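Presented below is the structure to which this report refers.
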Amino acid sequence: MTTMELLTRAKAAKSAMALADTDTKNAALLAMAEELLAGQADILAANTQDLEAAKGTVSDVMLDRLALTADRIAGMAEGMRQVADLPDPVGQVLRRVERPNGLVIERTAVPMGVIAIIYESRPNVTSDAAALALKAGSACVLRGGKEAHHSAAAIVTCLKRGLERAGLPADALALVEDTSRASANELMTASGYVDLLIPRGGAGLIRACVDNATVPVIETGTGICHIYVDKGADLAMALDIVTNAKCSRPSVCNAAEVCLVHKDIAPAFLPMLRRRLVEERKEAGQIPVELRLATTAAAIIAGSPAGEADFDTEFLDFILAVKVVDGVDDAMSHIAAHSTGHSECIVTCDETAARAFLTGVDAAAVYHNASTRFTDGGEFGLGCEMGISTQKLHARGPMGLEELCCYKYIVRGEGQIR
């Protein structure tokens with residue numbers, strides 16, 4: 001089926017989704033979760049096909065991003081159940097005003113209509129995106145990357161069965177079969193069919209959508225996330241936070257890519273950092289982190305010299321750029337120059353420094369003494385997420401159900417004229 005045929009069917013299905021009551025949508029989500037688990041063998045077989053094709057063409061870190069396991073499928077199903085448990089945003093009165101002339105004006109949440117998502121190599125995005133879009137009363141058109149297409153197709157087949165079990169149209173969920181750039185361009189320019197486009201992926205995909213789309217786009221940004229270790233930091237805490245932010249899952253957008261260290265503690269902290277991220281990981285048989293060091297840091301510990309682009313790169317790998325800074329103001333200046341506005345962290349016991357950082361840093365999520373890896377819809381209590389918006393209009397940070405709704409004004413009168 002062509003991309004335009006899928007969009008035409010999704011547009012026809014969006015009214016049924018908008019009119020579906022909460023119980024019906026929740027029943028669909030629970031049925032979809034059951035079908036995911038029932039179809040586990042088929043999904044894993046499809047994923048094996050994708051992994052075999054990807055071996056030798058992508059890094060081990062990216063292979064992990066692509067891989068599905070029984071536990072990950074169980075997590076996808078649990079995410080759908082959590083979305084079913086969340087309050088339905090559709091129909092919520094966001095603001096109510098009664099005017100002196102008796103008019104009652106209610107700003108009311110309504111579905112977007114047809115939400116299209118372009119994403120790359122993470123097959124779990126398939127179920128997360130579908131769950132959120134459908135609970136928010138919209139039809140959902142997915143366009144995954146070629147490296148995960150078999151996995152995504154198997155997942156969507158299961159999810160469609162769940163939709164039909166609940167009496168909702170299967171056409172409300174679609175996976176674009178064409179994984180070429182042409183299909184992405186079709187979605188970007190499908191005015192009258194796509195009400196909202198959300199790209200999830202690397203900088204190239206995001207920029208292509210922002211530059212070329214004629215439909216509304218929410219920009220989900222790349223994550224050049226910083227950890228600033230202040231002179232007032234608990235160094236043991238700082239080590240744990242940097243290690244988690246860099247190493248727990250380096251292939252995701254909320255992983256840290258840069259560590260900034262106050263000059264007063266750099267001689268003590270940087271050797272500890274190298275020991276933790278390089279030597280201890282080697283001893284444990286783990287992949288060591290490559291430290292790319294600016295000049296002052298390189299005079300304290302061994303590592304690779306940082307190149308001109310290293311502080312502007314989302315590595316998505318076991319690589320960390322490190323720089324020594326003069327203090328919190330210098331750290332904030334560096335972040336302002338190099339951040340993508342995703343997630344930034346200060347580690348300090350100095351409340352004055354923390355307050356300055358939290359107030360002065362411009363990002364979707366700003367942390368004090370906690371890992372950037374928490375920037376996630378599930379961790380923020382949203383069930384799962386559609387993506388992490390780094391723009392400032394309509395939605396910012398992890399996008400859950402509320403961010404996938406628009407609103408309209410419902411005005412009630414008793415014959416008033418102007």
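Letters A, B, ... mark the chains of the structure tokens in the order given; residue numbers begin at 1 per chain; ligand numbers begin at 1, in order shown.
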- [ ] Mind checking which residues fall within 9 Å of His342 in chain A, counting only C-alpha atoms, ignoring those fewer than 5 positions away in the same chain, and posting them as a PyMOL selection string?
- [x] chain A and resi 220-225+253-254+362-366+375+388-390+397
Open item on the list: List the spatial neighbours of range 140-151 of chain A as a PyMOL selection string - criterion: any atom at most 6 Å away, only C-alpha atoms, same-chain residues fewer than 2 positions off excluded.
Closed with: chain A and resi 43+46-47+50+114-121+153-154+172-176+179
Let's have the selection written as a PDB file, in the first residue's frame, with N, CA and C atoms.
ATOM      1  N   ILE A  43       7.700 -11.406  16.705  1.00  0.00           N
ATOM      2  CA  ILE A  43       8.429 -10.140  16.825  1.00  0.00           C
ATOM      3  C   ILE A  43       9.927 -10.401  16.968  1.00  0.00           C
ATOM      4  N   ALA A  46      11.424 -11.501  13.663  1.00  0.00           N
ATOM      5  CA  ALA A  46      11.603 -10.353  12.775  1.00  0.00           C
ATOM      6  C   ALA A  46      12.788  -9.501  13.220  1.00  0.00           C
ATOM      7  N   ASN A  47      12.944  -9.351  14.529  1.00  0.00           N
ATOM      8  CA  ASN A  47      14.053  -8.559  15.053  1.00  0.00           C
ATOM      9  C   ASN A  47      15.392  -9.223  14.751  1.00  0.00           C
ATOM     10  N   ASP A  50      16.362  -8.261  11.347  1.00  0.00           N
ATOM     11  CA  ASP A  50      16.913  -6.908  11.296  1.00  0.00           C
ATOM     12  C   ASP A  50      18.333  -6.861  11.843  1.00  0.00           C
ATOM     13  N   VAL A 114      -4.521  13.304  12.825  1.00  0.00           N
ATOM     14  CA  VAL A 114      -3.576  12.291  12.341  1.00  0.00           C
ATOM     15  C   VAL A 114      -2.177  12.732  12.749  1.00  0.00           C
ATOM     16  N   ILE A 115      -1.535  11.908  13.565  1.00  0.00           N
ATOM     17  CA  ILE A 115      -0.169  12.188  14.001  1.00  0.00           C
ATOM     18  C   ILE A 115       0.764  11.238  13.258  1.00  0.00           C
ATOM     19  N   ALA A 116       1.756  11.803  12.573  1.00  0.00           N
ATOM     20  CA  ALA A 116       2.759  10.998  11.875  1.00  0.00           C
ATOM     21  C   ALA A 116       4.069  11.065  12.650  1.00  0.00           C
ATOM     22  N   ILE A 117       4.732   9.928  12.779  1.00  0.00           N
ATOM     23  CA  ILE A 117       6.003   9.864  13.489  1.00  0.00           C
ATOM     24  C   ILE A 117       7.042   9.236  12.571  1.00  0.00           C
ATOM     25  N   ILE A 118       8.128   9.952  12.351  1.00  0.00           N
ATOM     26  CA  ILE A 118       9.266   9.410  11.609  1.00  0.00           C
ATOM     27  C   ILE A 118      10.353   9.095  12.633  1.00  0.00           C
ATOM     28  N   TYR A 119      10.793   7.854  12.681  1.00  0.00           N
ATOM     29  CA  TYR A 119      11.795   7.473  13.669  1.00  0.00           C
ATOM     30  C   TYR A 119      12.785   6.512  13.033  1.00  0.00           C
ATOM     31  N   GLU A 120      13.857   6.212  13.769  1.00  0.00           N
ATOM     32  CA  GLU A 120      14.935   5.448  13.173  1.00  0.00           C
ATOM     33  C   GLU A 120      15.014   4.039  13.750  1.00  0.00           C
ATOM     34  N   SER A 121      16.045   3.724  14.513  1.00  0.00           N
ATOM     35  CA  SER A 121      16.346   2.309  14.744  1.00  0.00           C
ATOM     36  C   SER A 121      15.858   1.734  16.070  1.00  0.00           C
ATOM     37  N   ALA A 153       7.152  -3.857  11.645  1.00  0.00           N
ATOM     38  CA  ALA A 153       6.005  -4.441  10.957  1.00  0.00           C
ATOM     39  C   ALA A 153       5.362  -5.539  11.799  1.00  0.00           C
ATOM     40  N   ALA A 154       6.178  -6.363  12.447  1.00  0.00           N
ATOM     41  CA  ALA A 154       5.634  -7.420  13.294  1.00  0.00           C
ATOM     42  C   ALA A 154       4.897  -6.828  14.493  1.00  0.00           C
ATOM     43  N   ALA A 172      -6.600   3.149  11.868  1.00  0.00           N
ATOM     44  CA  ALA A 172      -6.146   4.222  12.752  1.00  0.00           C
ATOM     45  C   ALA A 172      -4.670   4.067  13.117  1.00  0.00           C
ATOM     46  N   LEU A 173      -4.091   2.914  12.793  1.00  0.00           N
ATOM     47  CA  LEU A 173      -2.666   2.683  13.017  1.00  0.00           C
ATOM     48  C   LEU A 173      -2.064   2.129  11.736  1.00  0.00           C
ATOM     49  N   ALA A 174      -1.020   2.764  11.250  1.00  0.00           N
ATOM     50  CA  ALA A 174      -0.411   2.326   9.995  1.00  0.00           C
ATOM     51  C   ALA A 174       1.097   2.454  10.067  1.00  0.00           C
ATOM     52  N   LEU A 175       1.784   1.542   9.380  1.00  0.00           N
ATOM     53  CA  LEU A 175       3.233   1.609   9.228  1.00  0.00           C
ATOM     54  C   LEU A 175       3.545   1.782   7.755  1.00  0.00           C
ATOM     55  N   VAL A 176       4.256   2.842   7.426  1.00  0.00           N
ATOM     56  CA  VAL A 176       4.631   3.099   6.035  1.00  0.00           C
ATOM     57  C   VAL A 176       5.571   1.996   5.559  1.00  0.00           C
ATOM     58  N   THR A 179      10.608   2.653   3.029  1.00  0.00           N
ATOM     59  CA  THR A 179      11.557   3.239   3.981  1.00  0.00           C
ATOM     60  C   THR A 179      12.568   4.151   3.286  1.00  0.00           C
TER      61      THR A 179
END
- [ ] Name all residues at most 8 Å from Val90 in chain A (count only C-alpha atoms; drop same-chain ones fewer than 3 positions away) and give them as a PyMOL selection string.
- [x] chain A and resi 108-111+136-137+405
For those residues, write C-alpha atoms to a file as a PDB file, in the first residue's frame.
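Listed below is the output, selection_4.pdb:
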ATOM      1  CA  THR A 108     -11.231  22.135  25.897  1.00  0.00           C
ATOM      2  CA  ALA A 109      -8.602  19.535  24.938  1.00  0.00           C
ATOM      3  CA  VAL A 110      -9.264  17.807  21.612  1.00  0.00           C
ATOM      4  CA  PRO A 111      -7.336  15.266  19.504  1.00  0.00           C
ATOM      5  CA  ALA A 136      -4.972  10.937  22.839  1.00  0.00           C
ATOM      6  CA  GLY A 137      -7.732  10.205  20.313  1.00  0.00           C
ATOM      7  CA  CYS A 405      -3.727  17.195  22.217  1.00  0.00           C
TER       8      CYS A 405
END
- [ ] Please provide as a list of chain:residue names all residues within 12 Å of Leu44 in chain A, with the sequence filter that same-chain residues fewer than 3 positions apart are discarded (counting only C-alpha atoms).
- [x] A:Leu36, A:Leu37, A:Ala38, A:Gly39, A:Gln40, A:Ala41, A:Asn47, A:Thr48, A:Gln49, A:Asp50, A:Leu51, A:Leu66, A:Ala67, A:Leu68, A:Thr69, A:Ala70, A:Asp71, A:Arg72, A:Ile73, A:Pro123, A:Ala148, A:His150, A:Ser151, A:Ala152, A:Ala153, A:Ala154, A:Ile155
Write the residues of the selection above to a file with N, CA, C and O atoms, as a CSV table (one decimal), in the first residue's frame.
chain,number,residue,atom,x,y,z
A,36,LEU,N,0.8,-8.0,21.9
A,36,LEU,CA,2.3,-7.9,21.8
A,36,LEU,C,2.9,-9.1,22.4
A,36,LEU,O,3.8,-9.7,21.9
A,37,LEU,N,2.4,-9.5,23.6
A,37,LEU,CA,3.0,-10.6,24.3
A,37,LEU,C,2.7,-11.9,23.6
A,37,LEU,O,3.5,-12.8,23.5
A,38,ALA,N,1.5,-12.0,23.0
A,38,ALA,CA,1.1,-13.3,22.3
A,38,ALA,C,1.9,-13.4,21.0
A,38,ALA,O,2.2,-14.5,20.6
A,39,GLY,N,2.3,-12.3,20.4
A,39,GLY,CA,3.1,-12.3,19.2
A,39,GLY,C,4.6,-12.2,19.4
A,39,GLY,O,5.3,-12.0,18.5
A,40,GLN,N,5.0,-12.5,20.6
A,40,GLN,CA,6.5,-12.3,21.0
A,40,GLN,C,7.4,-13.1,20.0
A,40,GLN,O,8.4,-12.6,19.6
A,41,ALA,N,7.0,-14.3,19.8
A,41,ALA,CA,7.9,-15.2,18.9
A,41,ALA,C,8.1,-14.6,17.5
A,41,ALA,O,9.2,-14.5,17.0
A,47,ASN,N,12.9,-9.4,14.5
A,47,ASN,CA,14.1,-8.6,15.1
A,47,ASN,C,15.4,-9.2,14.8
A,47,ASN,O,16.4,-8.5,14.4
A,48,THR,N,15.4,-10.5,14.8
A,48,THR,CA,16.7,-11.3,14.5
A,48,THR,C,17.0,-11.0,13.0
A,48,THR,O,18.2,-10.8,12.7
A,49,GLN,N,16.0,-10.9,12.2
A,49,GLN,CA,16.3,-10.6,10.7
A,49,GLN,C,16.9,-9.2,10.6
A,49,GLN,O,17.9,-9.0,9.8
A,50,ASP,N,16.4,-8.3,11.3
A,50,ASP,CA,16.9,-6.9,11.3
A,50,ASP,C,18.3,-6.9,11.8
A,50,ASP,O,19.2,-6.2,11.3
A,51,LEU,N,18.6,-7.6,13.0
A,51,LEU,CA,19.9,-7.5,13.6
A,51,LEU,C,20.9,-8.2,12.7
A,51,LEU,O,22.1,-7.7,12.5
A,66,LEU,N,18.8,-1.4,18.6
A,66,LEU,CA,17.9,-2.1,17.7
A,66,LEU,C,17.3,-3.3,18.3
A,66,LEU,O,16.2,-3.8,17.9
A,67,ALA,N,18.1,-4.0,19.2
A,67,ALA,CA,17.7,-5.3,19.7
A,67,ALA,C,16.5,-5.3,20.5
A,67,ALA,O,16.2,-4.4,21.4
A,68,LEU,N,15.6,-6.4,20.4
A,68,LEU,CA,14.5,-6.6,21.2
A,68,LEU,C,14.8,-8.0,22.0
A,68,LEU,O,15.5,-8.8,21.5
A,69,THR,N,14.3,-8.0,23.2
A,69,THR,CA,14.3,-9.3,24.0
A,69,THR,C,13.0,-9.5,24.6
A,69,THR,O,12.1,-8.6,24.5
A,70,ALA,N,12.8,-10.6,25.2
A,70,ALA,CA,11.5,-10.9,25.8
A,70,ALA,C,11.2,-9.8,26.9
A,70,ALA,O,10.1,-9.4,27.1
A,71,ASP,N,12.3,-9.5,27.6
A,71,ASP,CA,12.1,-8.4,28.7
A,71,ASP,C,11.7,-7.1,28.1
A,71,ASP,O,10.9,-6.4,28.6
A,72,ARG,N,12.3,-6.7,27.0
A,72,ARG,CA,12.0,-5.4,26.3
A,72,ARG,C,10.6,-5.5,25.8
A,72,ARG,O,9.9,-4.4,25.9
A,73,ILE,N,10.1,-6.6,25.2
A,73,ILE,CA,8.7,-6.7,24.8
A,73,ILE,C,7.8,-6.6,25.9
A,73,ILE,O,6.7,-5.9,25.9
A,123,PRO,N,12.9,-0.1,17.7
A,123,PRO,CA,11.6,-0.6,17.4
A,123,PRO,C,10.6,-0.4,18.6
A,123,PRO,O,9.4,-0.4,18.3
A,148,ALA,N,15.1,-1.3,11.1
A,148,ALA,CA,14.2,-1.9,12.1
A,148,ALA,C,12.8,-2.2,11.5
A,148,ALA,O,11.9,-2.5,12.2
A,150,HIS,N,11.4,-4.8,9.7
A,150,HIS,CA,10.8,-6.1,10.0
A,150,HIS,C,10.2,-6.1,11.4
A,150,HIS,O,9.1,-6.6,11.6
A,151,SER,N,11.0,-5.6,12.4
A,151,SER,CA,10.6,-5.6,13.8
A,151,SER,C,9.3,-4.7,13.9
A,151,SER,O,8.3,-5.1,14.5
A,152,ALA,N,9.4,-3.5,13.3
A,152,ALA,CA,8.2,-2.6,13.4
A,152,ALA,C,7.0,-3.2,12.8
A,152,ALA,O,5.9,-3.1,13.3
A,153,ALA,N,7.2,-3.9,11.6
A,153,ALA,CA,6.0,-4.4,11.0
A,153,ALA,C,5.4,-5.5,11.8
A,153,ALA,O,4.1,-5.6,11.9
A,154,ALA,N,6.2,-6.4,12.4
A,154,ALA,CA,5.6,-7.4,13.3
A,154,ALA,C,4.9,-6.8,14.5
A,154,ALA,O,3.8,-7.3,14.9
A,155,ILE,N,5.4,-5.8,15.1
A,155,ILE,CA,4.8,-5.1,16.2
A,155,ILE,C,3.5,-4.5,15.8
A,155,ILE,O,2.4,-4.7,16.5
Open item on the list: Just list as a PyMOL selection string whatever in range 195-274 of chain A DSSP marks as strand (DSSP E).
Closed with: chain A and resi 196-200+225-229+256-262
Selected residues, C-alpha atoms, written as a tab-separated table (two decimals), in the first residue's frame, please.
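Once everything was written out, this is result.tsv:
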chain	number	residue	atom	x	y	z
A	196	LEU	CA	1.19	16.88	13.35
A	197	LEU	CA	4.58	15.42	12.40
A	198	ILE	CA	7.04	14.28	15.09
A	199	PRO	CA	10.54	13.23	14.01
A	200	ARG	CA	12.56	11.05	16.40
A	225	CYS	CA	23.80	16.78	27.45
A	226	HIS	CA	26.28	18.23	29.95
A	227	ILE	CA	27.23	17.31	33.52
A	228	TYR	CA	28.91	20.21	35.33
A	229	VAL	CA	30.84	19.12	38.43
A	256	ALA	CA	25.72	12.69	28.82
A	257	GLU	CA	28.19	13.68	26.10
A	258	VAL	CA	30.19	16.37	27.94
A	259	CYS	CA	31.61	16.67	31.44
A	260	LEU	CA	32.61	20.13	32.66
A	261	VAL	CA	34.75	20.27	35.81
A	262	HIS	CA	35.50	23.25	38.06
Open item on the list: At a cut-off of 7 Å, using only C-alpha atoms, what residues contact Ile319 in chain A? Leave out same-chain residues fewer than 6 positions from it and give the result as number ranges by chain.
Closed with: A: 289-291
List as a JSON list (two decimals) with N, CA, C and O atoms, in the first residue's frame the protein and nucleic acid residues near range 300-311 of chain A, meaning an atom at most 10 Å away when only C-alpha atoms are counted, but skip any in the same chain fewer than 2 places from it.
[["chain", "number", "residue", "atom", "x", "y", "z"],
["A", 224, "ILE", "N", 22.97, 16.79, 23.22],
["A", 224, "ILE", "CA", 24.32, 17.06, 23.69],
["A", 224, "ILE", "C", 24.16, 17.51, 25.14],
["A", 224, "ILE", "O", 24.02, 18.69, 25.44],
["A", 226, "HIS", "N", 25.10, 17.90, 29.16],
["A", 226, "HIS", "CA", 26.28, 18.23, 29.95],
["A", 226, "HIS", "C", 26.09, 17.88, 31.42],
["A", 226, "HIS", "O", 25.00, 18.07, 31.96],
["A", 257, "GLU", "N", 27.13, 13.66, 27.11],
["A", 257, "GLU", "CA", 28.19, 13.68, 26.10],
["A", 257, "GLU", "C", 29.37, 14.54, 26.53],
["A", 257, "GLU", "O", 30.46, 14.44, 25.96],
["A", 258, "VAL", "N", 29.15, 15.43, 27.52],
["A", 258, "VAL", "CA", 30.19, 16.37, 27.94],
["A", 258, "VAL", "C", 30.22, 16.44, 29.46],
["A", 258, "VAL", "O", 29.16, 16.50, 30.11],
["A", 259, "CYS", "N", 31.43, 16.44, 30.02],
["A", 259, "CYS", "CA", 31.61, 16.67, 31.44],
["A", 259, "CYS", "C", 32.45, 17.93, 31.62],
["A", 259, "CYS", "O", 33.57, 18.01, 31.11],
["A", 266, "ALA", "N", 39.46, 19.96, 39.67],
["A", 266, "ALA", "CA", 39.90, 19.13, 38.53],
["A", 266, "ALA", "C", 41.09, 18.25, 38.86],
["A", 266, "ALA", "O", 41.10, 17.06, 38.49],
["A", 267, "PRO", "N", 42.12, 18.74, 39.59],
["A", 267, "PRO", "CA", 43.26, 17.85, 39.89],
["A", 267, "PRO", "C", 42.88, 16.63, 40.73],
["A", 267, "PRO", "O", 43.51, 15.58, 40.61],
["A", 268, "ALA", "N", 41.84, 16.76, 41.55],
["A", 268, "ALA", "CA", 41.40, 15.61, 42.36],
["A", 268, "ALA", "C", 40.38, 14.76, 41.61],
["A", 268, "ALA", "O", 40.43, 13.52, 41.64],
["A", 269, "PHE", "N", 39.44, 15.41, 40.91],
["A", 269, "PHE", "CA", 38.31, 14.68, 40.34],
["A", 269, "PHE", "C", 38.67, 13.97, 39.04],
["A", 269, "PHE", "O", 38.22, 12.83, 38.82],
["A", 270, "LEU", "N", 39.46, 14.59, 38.18],
["A", 270, "LEU", "CA", 39.71, 13.99, 36.87],
["A", 270, "LEU", "C", 40.42, 12.63, 36.97],
["A", 270, "LEU", "O", 40.04, 11.70, 36.24],
["A", 271, "PRO", "N", 41.42, 12.46, 37.83],
["A", 271, "PRO", "CA", 41.99, 11.10, 37.97],
["A", 271, "PRO", "C", 40.95, 10.08, 38.47],
["A", 271, "PRO", "O", 40.97, 8.92, 38.05],
["A", 272, "MET", "N", 40.05, 10.52, 39.35],
["A", 272, "MET", "CA", 38.98, 9.63, 39.81],
["A", 272, "MET", "C", 38.06, 9.26, 38.65],
["A", 272, "MET", "O", 37.63, 8.11, 38.51],
["A", 273, "LEU", "N", 37.76, 10.24, 37.79],
["A", 273, "LEU", "CA", 36.89, 10.01, 36.64],
["A", 273, "LEU", "C", 37.52, 9.02, 35.67],
["A", 273, "LEU", "O", 36.86, 8.09, 35.19],
["A", 274, "ARG", "N", 38.81, 9.22, 35.40],
["A", 274, "ARG", "CA", 39.49, 8.29, 34.49],
["A", 274, "ARG", "C", 39.52, 6.88, 35.07],
["A", 274, "ARG", "O", 39.29, 5.90, 34.37],
["A", 275, "ARG", "N", 39.81, 6.80, 36.37],
["A", 275, "ARG", "CA", 39.84, 5.49, 37.01],
["A", 275, "ARG", "C", 38.50, 4.77, 36.87],
["A", 275, "ARG", "O", 38.44, 3.60, 36.51],
["A", 278, "VAL", "N", 37.49, 4.43, 32.72],
["A", 278, "VAL", "CA", 38.42, 3.75, 31.82],
["A", 278, "VAL", "C", 38.99, 2.49, 32.48],
["A", 278, "VAL", "O", 38.73, 1.37, 32.05],
["A", 289, "VAL", "N", 35.39, 4.04, 28.43],
["A", 289, "VAL", "CA", 34.96, 5.30, 27.82],
["A", 289, "VAL", "C", 36.19, 6.01, 27.27],
["A", 289, "VAL", "O", 37.22, 6.14, 27.95],
["A", 290, "GLU", "N", 36.10, 6.45, 26.03],
["A", 290, "GLU", "CA", 37.17, 7.27, 25.46],
["A", 290, "GLU", "C", 36.97, 8.71, 25.94],
["A", 290, "GLU", "O", 35.93, 9.32, 25.68],
["A", 291, "LEU", "N", 37.95, 9.24, 26.65],
["A", 291, "LEU", "CA", 37.88, 10.61, 27.15],
["A", 291, "LEU", "C", 38.55, 11.54, 26.13],
["A", 291, "LEU", "O", 39.74, 11.37, 25.82],
["A", 292, "ARG", "N", 37.78, 12.49, 25.62],
["A", 292, "ARG", "CA", 38.33, 13.47, 24.68],
["A", 292, "ARG", "C", 38.51, 14.77, 25.45],
["A", 292, "ARG", "O", 37.54, 15.42, 25.82],
["A", 293, "LEU", "N", 39.76, 15.14, 25.65],
["A", 293, "LEU", "CA", 40.12, 16.13, 26.65],
["A", 293, "LEU", "C", 40.52, 17.46, 26.04],
["A", 293, "LEU", "O", 41.37, 17.51, 25.14],
["A", 294, "ALA", "N", 39.91, 18.55, 26.55],
["A", 294, "ALA", "CA", 40.38, 19.89, 26.23],
["A", 294, "ALA", "C", 41.74, 20.11, 26.90],
["A", 294, "ALA", "O", 42.18, 19.32, 27.75],
["A", 295, "THR", "N", 42.43, 21.19, 26.54],
["A", 295, "THR", "CA", 43.84, 21.37, 26.89],
["A", 295, "THR", "C", 44.13, 21.22, 28.39],
["A", 295, "THR", "O", 45.03, 20.47, 28.79],
["A", 296, "THR", "N", 43.39, 21.92, 29.23],
["A", 296, "THR", "CA", 43.68, 21.88, 30.67],
["A", 296, "THR", "C", 43.45, 20.49, 31.24],
["A", 296, "THR", "O", 44.23, 20.00, 32.06],
["A", 297, "ALA", "N", 42.37, 19.84, 30.81],
["A", 297, "ALA", "CA", 42.09, 18.48, 31.27],
["A", 297, "ALA", "C", 43.19, 17.52, 30.82],
["A", 297, "ALA", "O", 43.60, 16.61, 31.56],
["A", 298, "ALA", "N", 43.69, 17.71, 29.60],
["A", 298, "ALA", "CA", 44.72, 16.82, 29.06],
["A", 298, "ALA", "C", 46.04, 16.95, 29.82],
["A", 298, "ALA", "O", 46.89, 16.04, 29.79],
["A", 313, "THR", "N", 29.11, 17.40, 19.37],
["A", 313, "THR", "CA", 28.78, 16.10, 18.79],
["A", 313, "THR", "C", 27.96, 15.25, 19.75],
["A", 313, "THR", "O", 28.32, 15.13, 20.93],
["A", 314, "GLU", "N", 26.87, 14.68, 19.26],
["A", 314, "GLU", "CA", 26.13, 13.69, 20.01],
["A", 314, "GLU", "C", 26.75, 12.33, 19.67],
["A", 314, "GLU", "O", 26.45, 11.75, 18.63],
["A", 315, "PHE", "N", 27.63, 11.85, 20.54],
["A", 315, "PHE", "CA", 28.41, 10.65, 20.21],
["A", 315, "PHE", "C", 27.55, 9.39, 20.16],
["A", 315, "PHE", "O", 27.77, 8.51, 19.34],
["A", 319, "ILE", "N", 31.98, 7.59, 24.53],
["A", 319, "ILE", "CA", 32.90, 8.71, 24.32],
["A", 319, "ILE", "C", 32.39, 9.87, 25.15],
["A", 319, "ILE", "O", 31.19, 10.15, 25.17],
["A", 320, "LEU", "N", 33.29, 10.55, 25.85],
["A", 320, "LEU", "CA", 32.91, 11.70, 26.68],
["A", 320, "LEU", "C", 33.91, 12.82, 26.48],
["A", 320, "LEU", "O", 35.12, 12.63, 26.64],
["A", 321, "ALA", "N", 33.41, 13.99, 26.10],
["A", 321, "ALA", "CA", 34.26, 15.18, 25.98],
["A", 321, "ALA", "C", 34.38, 15.81, 27.37],
["A", 321, "ALA", "O", 33.39, 15.91, 28.10],
["A", 322, "VAL", "N", 35.59, 16.23, 27.73],
["A", 322, "VAL", "CA", 35.85, 16.74, 29.08],
["A", 322, "VAL", "C", 36.57, 18.08, 28.98],
["A", 322, "VAL", "O", 37.55, 18.23, 28.24],
["A", 323, "LYS", "N", 36.10, 19.05, 29.78],
["A", 323, "LYS", "CA", 36.71, 20.38, 29.79],
["A", 323, "LYS", "C", 36.73, 20.92, 31.20],
["A", 323, "LYS", "O", 35.78, 20.73, 31.98],
["A", 334, "HIS", "N", 29.58, 27.94, 28.41],
["A", 334, "HIS", "CA", 29.90, 26.83, 27.51],
["A", 334, "HIS", "C", 28.62, 26.11, 27.07],
["A", 334, "HIS", "O", 28.44, 25.81, 25.89],
["A", 335, "ILE", "N", 27.74, 25.84, 28.03],
["A", 335, "ILE", "CA", 26.49, 25.13, 27.71],
["A", 335, "ILE", "C", 25.64, 25.96, 26.75],
["A", 335, "ILE", "O", 25.08, 25.44, 25.78],
["A", 337, "ALA", "N", 26.63, 27.92, 24.51],
["A", 337, "ALA", "CA", 27.25, 27.90, 23.18],
["A", 337, "ALA", "C", 27.13, 26.55, 22.49],
["A", 337, "ALA", "O", 27.12, 26.48, 21.25],
["A", 338, "HIS", "N", 27.01, 25.47, 23.27],
["A", 338, "HIS", "CA", 27.11, 24.13, 22.67],
["A", 338, "HIS", "C", 25.89, 23.23, 22.91],
["A", 338, "HIS", "O", 25.77, 22.19, 22.28],
["A", 339, "SER", "N", 25.00, 23.60, 23.81],
["A", 339, "SER", "CA", 23.87, 22.73, 24.16],
["A", 339, "SER", "C", 22.85, 22.64, 23.03],
["A", 339, "SER", "O", 22.68, 23.58, 22.25]]
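In this structure, CA of Tyr193 in chain A sits 12.8 Å away from CA of Ser15 in chain A.
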TODO: Give the answer as one residue: which of A:Ala54, A:Leu163, A:Ala129, A:Met1 has the shortest atom-to-atom distance to Ala31 in chain A, using only C-alpha atoms?
DONE: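 Looking only at the distances to Ala31 in chain A, the closest residue turns out to be A:Leu163.
When CA of Val58 in chain A is paired with CA of Asp312 in chain A, their separation reads 21.3 Å.
The gap separating CA of Pro398 in chain A from CA of Ile287 in chain A is 29.3 Å, in Å to one decimal.
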Task: Pick from A:Ile241, A:Met17, A:Cys345, A:Leu187 nearest to Val215 in chain A, counting only C-alpha atoms - done: A:Leu187
TODO: Between A:Glu186, A:Asp64, A:Asp230, A:Glu52, single out the one closest to Cys209 in chain A, counting only C-alpha atoms.
DONE: A:Glu186
- [ ] Mind listing the helix (DSSP H, G or I) residues of range 187-325 of chain A, per DSSP on the backbone, as a ChimeraX atom specification?
- [x] /A:187-188,203-212,235-247,266-283,295-298,310-312
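Look at Ala13 in chain A: the protein and nucleic acid residues within 10 Å of it, using only C-alpha atoms and passing over chain neighbours fewer than 5 places away, are Leu7, Thr8, Ala18, Gly113, Val114, Ser138, Ala139, Cys140, Leu168, Pro169, Ala170, Asp171, Ala172 and Leu173 of chain A.
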- [ ] Identify which of the residues A:Thr3, A:Asn101, A:Ser371, A:Thr22 lies closest to Asp240 in chain A, counting only C-alpha atoms when measuring atom-to-atom distances.
- [x]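 Counting only C-alpha atoms, the residue closest to Asp240 in chain A is A:Ser371.
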Open item on the list: Using only C-alpha atoms for the distances, tell me which of A:Ala284, A:Val324, A:Leu316, A:Cys406 is nearest to Cys247 in chain A.
Closed with: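 Nearest candidate to Cys247 in chain A out of A:Ala284, A:Val324, A:Leu316, A:Cys406: A:Leu316.
Nearest to Arg249 in chain A of all the residues A:Arg373, A:Arg96, A:Arg9, A:Arg412 is A:Arg373, counting only C-alpha atoms.
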